Amino acid sequence: MSLLRVERLSKTFGAIRAVDSISFEVRPGEIYGLLGPNGAGKTTTISMISGLLKPDAGEVFVASAAFWSDPQKAKSIMGVVPQEIAIYEELSGRENLEFWGRMAGLGPRDAKARAAELLEALTLIDRAKDAVKTYSGGMKRRINLGCALLHRPQLLLLDEPTVGIDPQARLNILEFIRSLRASGTAILYTTHYLEEAETLCQRIGIIDNGRVLAEGTLSELQERLGGDRVFVLEADFKGSSPDAWDGFHNRFRVIQKSEKQLVVAAIGARDPSECLKDLLGLPVHVENVTLKRPSLNDVFLQLTGRELRE
Amino acid sequence: MLRVLLAKDLRRAWRNPLPWLINLIVPLAMTALIGMVFGGKSDSGALGRIRFAVVDEDKSVLSDVLRGSANQREGGKYLEPVFLEREDALRQLNASKLSAVLIIPEHFMRDYLTAREAVSLELIKNPAESIHPAVLEELLGAVVTALNAISRNFNSEFPEWQEVFEGKEDYHKVSMLIERAGEKLKTAKKLIDPPLVTYEKEDSGGTPQGEEASAGKANGGDSNHAAGKTAGGKSGKSKQDDSTNVFAYLLLGLAAMFLLFLGNNAMTDLHRELRKGTFERYQTMHQRLGPFIVGKVVFAVVVLLLCSAIMLGGGGLIFRVHWQHPVPLISLAFGYAVFVAGLFAVLVALVPDERRSAVLTNVAGMALGLVGGCAFPPQQLPAFLRDHLTPLMPSNWFVETARNLQFSSENVLWTLVLLKLAVTGVVLIAMAAFLFRRRFKAGLRA
């Protein structure tokens, strides 16, 4: 049974369709990654799931109940970590945690105890009494994350929680998120970092221009490219087109083509050496051929025609 | 929840006190500055004794009389003459140690008694002060009028008086001169006593006080009776002191003005919460936004009450103002705080854009303070504002009632004003709630 189910969710701002009929679900103990570039519709989706925006169409179900039938109940089940650091800079880390704990419905004692617990888990106990404005970016991110966890939510919505921090701080946060998953929390994780989605998420939805283009586990998405390897050919492709090469489209799927590079995947279960011989026999002067495992970027490239890093 | 929200906001204000401190210190500093310019300081907090120099270049009997009269009896309470040479007096005037310098020129007595040529007394006023030099000018005008009256009535005997002053007449002649002067004064007495017009000074219980009161009573029904106002209060002495306390007058107005700015700062914190995302985080936990907004209104009211206490209490101690009616004053401050919080809640709800809202709220606060007569006495405002707009301003309701409580002996209906302020505030808060509800109907991010 899924803890979060999103069905054909849509939102339009004026002439811009920010989210276009999105559907997915997140199960307990699972990290579902919503991967897409900036402006793809990730934050708008999270805003609708958390009640910050009313959808134009579609429905959100939290623990099998429609969100808008009892929004307060749905909100008590979930914790939301916004992309911006939404904490009080004048207050200390402990005061922030205790305050948001009280807002989440904990009593003074429980809020205090839970704040101490989280400060320990987030390795911030030494700086607990210092004002947040004196914290580093990574520490602020950790407090920002902690403020959503006071009431032990079953469903956690994380909107790009590692934006703008150094690699070490990112690793710490990702490790903490893995520990939350291990405790059974269902996590919706939006990101535009390929590596995070690849290493952290059990299932990934690739989103662009408000639509989920593909969804599945990493291997399922790689499978879409026709196996676990792609060939990158470097040559002068100016004036020549794969369309003109005899039977090429029956043997290979073109993932990307530029003047200097051609990325292809073999169709069907073929031997790599045979594929390599085939590619070297093409009517162009090939300077280099690389064989690699397809990445999410390749999947995104195939789906959108552009790289996620662009 | 309101208590938790209030504690959070008070803690934040305590950790970032600069915006609050500025708005607390500026009215106190302005009160001190303007008060000094208009009246200088004194131990009692009232206008104080007027220090001025007398430069006697005549050194005659008449100039001695003028010098001596300057600090005798009643004059001694209010005047503090010092007798200096011209250069020293001017030096002290330039150093703002004197309010004015009175120069009695050489041959003043001779010219006055012989009427050889027009005589004049010279008064040099301190341009850095306003009220004290003006008072001295008025007093000198009275002295000149008296000298003219004496000259007109006793002109024929001046040559003999001059000889007396020069020591040329014997005691027999002097006694005859005094007797003749006494006869003339007896004839004039029925024309000047009792006076045709007098005034009576009353305390809050309506009991006449002092010599003027006695004169009025003696006059009975024959005189036109004009009663002057004094401050109402418990102690007659402090009342008299505070009736002229320019600091109390200024402090009430400037406190009212800066409470508007403080209220603006407190309520526009909602914009900061929106910008920082903390308001959104709250909405991810609670569907109803009302408690968060009401929490901010409560915060604004509490902060305004604290700031009122600091400004009026602290200012009262600094400027030695004895607040005549502290309980009504605190109650009025509460009503005013509710109004200010409501006003800025509406403005914040009305304009979602933070920058535009900042412009609007600042201008609104400034306009309400100025038109309400907080910065200037309402009587000095242009006629249209004074007659048509000022009475409609809640800031004016507050500041005028507070001033009347402090300075007027009449029964001030402060409870009615408190009710008006509180009701206006509550109506504005309800309007703000409606506007916020409409604005956030589709969610905070809509």
# chains A, B, ... in the order shown; residues from 1 in each chain; ligands from 1
$ interface_residues --of "chain A" --to "chain B" --cutoff "7 Å" --atoms "only C-alpha atoms" --output "list of chain:residue names"
A:Ser50, A:Gly51, A:Leu52, A:Leu53, A:Lys54, A:Pro71, A:Gln72, A:Lys75, A:Ser76, A:Val80, A:Glu84, A:Ala86, A:Ile87, A:Glu90, A:Leu91, A:Ala104
$ residues_around --residues "A:Leu213" --least-positions-apart "5" --cutoff "9 Å" --atoms "only C-alpha atoms" --output "VMD selection string"
chain A and resid 205 to 208 300 303 to 304
$ atom_distance --atom1 "atom CA of B:Ile25" --atom2 "atom CA of B:Asn126"
28.3 Å
$ residues_around --residues "A:Ile267" --least-positions-apart "2" --cutoff "8 Å" --atoms "only C-alpha atoms" --output "PyMOL selection string"
chain A and resi 226+250-253+265+269-270
$ residues_around --residues "A:Tyr32" --least-positions-apart "3" --cutoff "9 Å" --atoms "only C-alpha atoms" --output "VMD selection string"
chain A and resid 25 to 27 186 to 190 197 200 to 205
$ residues_around --residues "A:Gln222" --least-positions-apart "5" --cutoff "9 Å" --atoms "only C-alpha atoms" --output "list in words"
Thr217, Gly227, Asp228, Arg229, Arg293, Pro294, Ser295, Leu296, Asp298 and Val299 of chain A
$ residues_around --residues "B:Trp161" --least-positions-apart "5" --cutoff "9 Å" --atoms "only C-alpha atoms" --output "list in words"
Leu113, Glu166, Glu169, Val174 and Leu177 of chain B
$ select_by_dssp --residues "stretch 12-148 of chain B" --states "strand (DSSP E or B)" --output "list in words"
Ile50, Arg51, Phe52, Ala53, Val54, Val55, Asp56, Leu79, Glu80, Pro81, Val82, Phe83, Ala100, Val101, Leu102, Ile103, Ile104, Glu122, Leu123, Ile124 and Lys125 of chain B
$ residues_around --residues "B:Leu21" --least-positions-apart "3" --cutoff "12 Å" --atoms "only C-alpha atoms" --output "list in words"
Ala13, Trp14, Arg15, Asn16, Pro17, Leu18, Leu24, Ile25, Val26, Pro27, Leu28, Ala29, Phe258, Phe261, Leu262, Asn265, Val303, Cys307, Ile310 and Met311 of chain B
$ write_last_selection --atoms "N, CA and C atoms" --output "PDB file, in the first residue's frame"
ATOM      1  N   ALA B  13      12.905  39.367  18.518  1.00  0.00           N
ATOM      2  CA  ALA B  13      13.075  40.820  18.668  1.00  0.00           C
ATOM      3  C   ALA B  13      14.198  41.118  19.653  1.00  0.00           C
ATOM      4  N   TRP B  14      14.277  40.327  20.699  1.00  0.00           N
ATOM      5  CA  TRP B  14      15.322  40.522  21.713  1.00  0.00           C
ATOM      6  C   TRP B  14      16.712  40.266  21.111  1.00  0.00           C
ATOM      7  N   ARG B  15      16.795  39.261  20.210  1.00  0.00           N
ATOM      8  CA  ARG B  15      18.095  38.913  19.610  1.00  0.00           C
ATOM      9  C   ARG B  15      18.490  39.889  18.502  1.00  0.00           C
ATOM     10  N   ASN B  16      17.529  40.606  17.973  1.00  0.00           N
ATOM     11  CA  ASN B  16      17.828  41.567  16.905  1.00  0.00           C
ATOM     12  C   ASN B  16      17.190  42.906  17.282  1.00  0.00           C
ATOM     13  N   PRO B  17      17.756  43.566  18.297  1.00  0.00           N
ATOM     14  CA  PRO B  17      17.039  44.707  18.895  1.00  0.00           C
ATOM     15  C   PRO B  17      17.201  46.032  18.145  1.00  0.00           C
ATOM     16  N   LEU B  18      18.117  46.084  17.176  1.00  0.00           N
ATOM     17  CA  LEU B  18      18.444  47.385  16.578  1.00  0.00           C
ATOM     18  C   LEU B  18      17.230  48.145  16.026  1.00  0.00           C
ATOM     19  N   LEU B  24      12.933  53.476  19.558  1.00  0.00           N
ATOM     20  CA  LEU B  24      12.727  53.872  20.956  1.00  0.00           C
ATOM     21  C   LEU B  24      13.582  55.077  21.319  1.00  0.00           C
ATOM     22  N   ILE B  25      14.798  55.094  20.805  1.00  0.00           N
ATOM     23  CA  ILE B  25      15.732  56.152  21.200  1.00  0.00           C
ATOM     24  C   ILE B  25      15.419  57.468  20.486  1.00  0.00           C
ATOM     25  N   VAL B  26      15.041  57.350  19.200  1.00  0.00           N
ATOM     26  CA  VAL B  26      14.826  58.580  18.422  1.00  0.00           C
ATOM     27  C   VAL B  26      13.784  59.507  19.062  1.00  0.00           C
ATOM     28  N   PRO B  27      12.602  59.009  19.475  1.00  0.00           N
ATOM     29  CA  PRO B  27      11.652  59.960  20.075  1.00  0.00           C
ATOM     30  C   PRO B  27      12.175  60.590  21.363  1.00  0.00           C
ATOM     31  N   LEU B  28      12.942  59.816  22.143  1.00  0.00           N
ATOM     32  CA  LEU B  28      13.501  60.391  23.376  1.00  0.00           C
ATOM     33  C   LEU B  28      14.534  61.459  23.044  1.00  0.00           C
ATOM     34  N   ALA B  29      15.361  61.150  22.033  1.00  0.00           N
ATOM     35  CA  ALA B  29      16.380  62.128  21.634  1.00  0.00           C
ATOM     36  C   ALA B  29      15.727  63.378  21.057  1.00  0.00           C
ATOM     37  N   PHE B 258       6.113  57.442  16.990  1.00  0.00           N
ATOM     38  CA  PHE B 258       7.051  56.324  16.846  1.00  0.00           C
ATOM     39  C   PHE B 258       6.403  54.983  17.200  1.00  0.00           C
ATOM     40  N   PHE B 261       5.557  53.673  13.943  1.00  0.00           N
ATOM     41  CA  PHE B 261       6.685  53.052  13.240  1.00  0.00           C
ATOM     42  C   PHE B 261       6.996  51.675  13.842  1.00  0.00           C
ATOM     43  N   LEU B 262       6.900  51.580  15.171  1.00  0.00           N
ATOM     44  CA  LEU B 262       7.166  50.289  15.828  1.00  0.00           C
ATOM     45  C   LEU B 262       6.105  49.259  15.441  1.00  0.00           C
ATOM     46  N   ASN B 265       6.888  48.023  12.061  1.00  0.00           N
ATOM     47  CA  ASN B 265       7.973  47.040  12.100  1.00  0.00           C
ATOM     48  C   ASN B 265       7.470  45.676  12.595  1.00  0.00           C
ATOM     49  N   VAL B 303       4.410  44.305  21.994  1.00  0.00           N
ATOM     50  CA  VAL B 303       5.610  45.113  21.770  1.00  0.00           C
ATOM     51  C   VAL B 303       5.283  46.601  21.927  1.00  0.00           C
ATOM     52  N   CYS B 307       6.945  49.089  24.512  1.00  0.00           N
ATOM     53  CA  CYS B 307       7.635  50.294  24.040  1.00  0.00           C
ATOM     54  C   CYS B 307       6.992  51.556  24.624  1.00  0.00           C
ATOM     55  N   ILE B 310       8.350  51.909  28.009  1.00  0.00           N
ATOM     56  CA  ILE B 310       9.747  52.374  28.008  1.00  0.00           C
ATOM     57  C   ILE B 310       9.803  53.864  27.655  1.00  0.00           C
ATOM     58  N   MET B 311       9.049  54.248  26.613  1.00  0.00           N
ATOM     59  CA  MET B 311       9.118  55.643  26.161  1.00  0.00           C
ATOM     60  C   MET B 311       8.528  56.594  27.192  1.00  0.00           C
TER      61      MET B 311
END
$ select_by_dssp --residues "stretch 355-401 of chain B" --states "alpha helix (DSSP H)" --output "list in words"
Arg355, Arg356, Ser357, Ala358, Val359, Leu360, Thr361, Asn362, Val363, Ala364, Gly365, Met366, Ala367, Leu368, Gly369, Leu370, Val371, Ala383, Phe384, Pro394, Ser395, Asn396, Trp397, Phe398, Val399, Glu400 and Thr401 of chain B
$ write_last_selection --atoms "N, CA and C atoms" --output "compact mmCIF listing (two decimals), in the first residue's frame"
# COMPACT_ATOMS: atom_id res chain seq x y z
N ARG B 355 8.11 45.10 -1.02
CA ARG B 355 8.68 46.43 -1.24
C ARG B 355 7.59 47.49 -1.33
N ARG B 356 6.55 47.18 -2.09
CA ARG B 356 5.44 48.15 -2.21
C ARG B 356 4.78 48.36 -0.86
N SER B 357 4.64 47.28 -0.14
CA SER B 357 4.01 47.37 1.17
C SER B 357 4.85 48.24 2.10
N ALA B 358 6.19 48.10 2.01
CA ALA B 358 7.07 48.91 2.87
C ALA B 358 6.85 50.39 2.60
N VAL B 359 6.76 50.74 1.32
CA VAL B 359 6.53 52.15 0.96
C VAL B 359 5.19 52.61 1.54
N LEU B 360 4.15 51.81 1.31
CA LEU B 360 2.80 52.19 1.75
C LEU B 360 2.74 52.32 3.27
N THR B 361 3.28 51.34 3.98
CA THR B 361 3.15 51.38 5.45
C THR B 361 3.97 52.53 6.04
N ASN B 362 5.14 52.81 5.46
CA ASN B 362 5.94 53.93 5.97
C ASN B 362 5.22 55.25 5.75
N VAL B 363 4.69 55.43 4.55
CA VAL B 363 3.99 56.68 4.24
C VAL B 363 2.74 56.81 5.12
N ALA B 364 2.03 55.70 5.28
CA ALA B 364 0.81 55.74 6.11
C ALA B 364 1.14 56.11 7.55
N GLY B 365 2.19 55.51 8.08
CA GLY B 365 2.60 55.81 9.45
C GLY B 365 2.98 57.27 9.61
N MET B 366 3.77 57.75 8.66
CA MET B 366 4.24 59.14 8.70
C MET B 366 3.05 60.10 8.60
N ALA B 367 2.16 59.82 7.65
CA ALA B 367 1.01 60.72 7.42
C ALA B 367 0.10 60.74 8.64
N LEU B 368 -0.14 59.58 9.19
CA LEU B 368 -1.02 59.50 10.36
C LEU B 368 -0.43 60.27 11.54
N GLY B 369 0.88 60.17 11.67
CA GLY B 369 1.55 60.89 12.76
C GLY B 369 1.50 62.39 12.57
N LEU B 370 1.79 62.83 11.35
CA LEU B 370 1.85 64.27 11.09
C LEU B 370 0.45 64.89 11.12
N VAL B 371 -0.48 64.28 10.38
CA VAL B 371 -1.84 64.85 10.33
C VAL B 371 -2.53 64.70 11.68
N ALA B 383 -5.15 74.92 7.94
CA ALA B 383 -6.55 74.97 8.40
C ALA B 383 -7.36 73.76 7.92
N PHE B 384 -7.15 73.37 6.64
CA PHE B 384 -7.95 72.26 6.11
C PHE B 384 -7.69 70.98 6.89
N PRO B 394 -7.14 58.51 14.35
CA PRO B 394 -7.04 57.87 15.67
C PRO B 394 -5.77 58.28 16.42
N SER B 395 -4.71 58.59 15.67
CA SER B 395 -3.49 59.06 16.35
C SER B 395 -3.79 60.35 17.10
N ASN B 396 -4.64 61.19 16.52
CA ASN B 396 -5.02 62.44 17.17
C ASN B 396 -5.91 62.17 18.39
N TRP B 397 -6.79 61.18 18.27
CA TRP B 397 -7.63 60.84 19.43
C TRP B 397 -6.74 60.49 20.62
N PHE B 398 -5.73 59.67 20.30
CA PHE B 398 -4.85 59.21 21.38
C PHE B 398 -4.04 60.36 21.96
N VAL B 399 -3.35 61.07 21.08
CA VAL B 399 -2.38 62.04 21.58
C VAL B 399 -3.08 63.23 22.26
N GLU B 400 -4.21 63.67 21.70
CA GLU B 400 -4.89 64.81 22.31
C GLU B 400 -5.50 64.43 23.66
N THR B 401 -6.03 63.22 23.74
CA THR B 401 -6.61 62.78 25.02
C THR B 401 -5.51 62.63 26.07
$ atom_distance --atom1 "atom CA of A:Arg94" --atom2 "atom CA of A:Ala121"
12.9 Å
$ atom_distance --atom1 "atom CA of B:Val348" --atom2 "atom CA of B:Pro391"
25.1 Å
$ closest_residue --among "B:Glu410, B:Gly314, B:Leu259, B:Leu418" --to "B:Ala341" --atoms "only C-alpha atoms"
B:Leu259
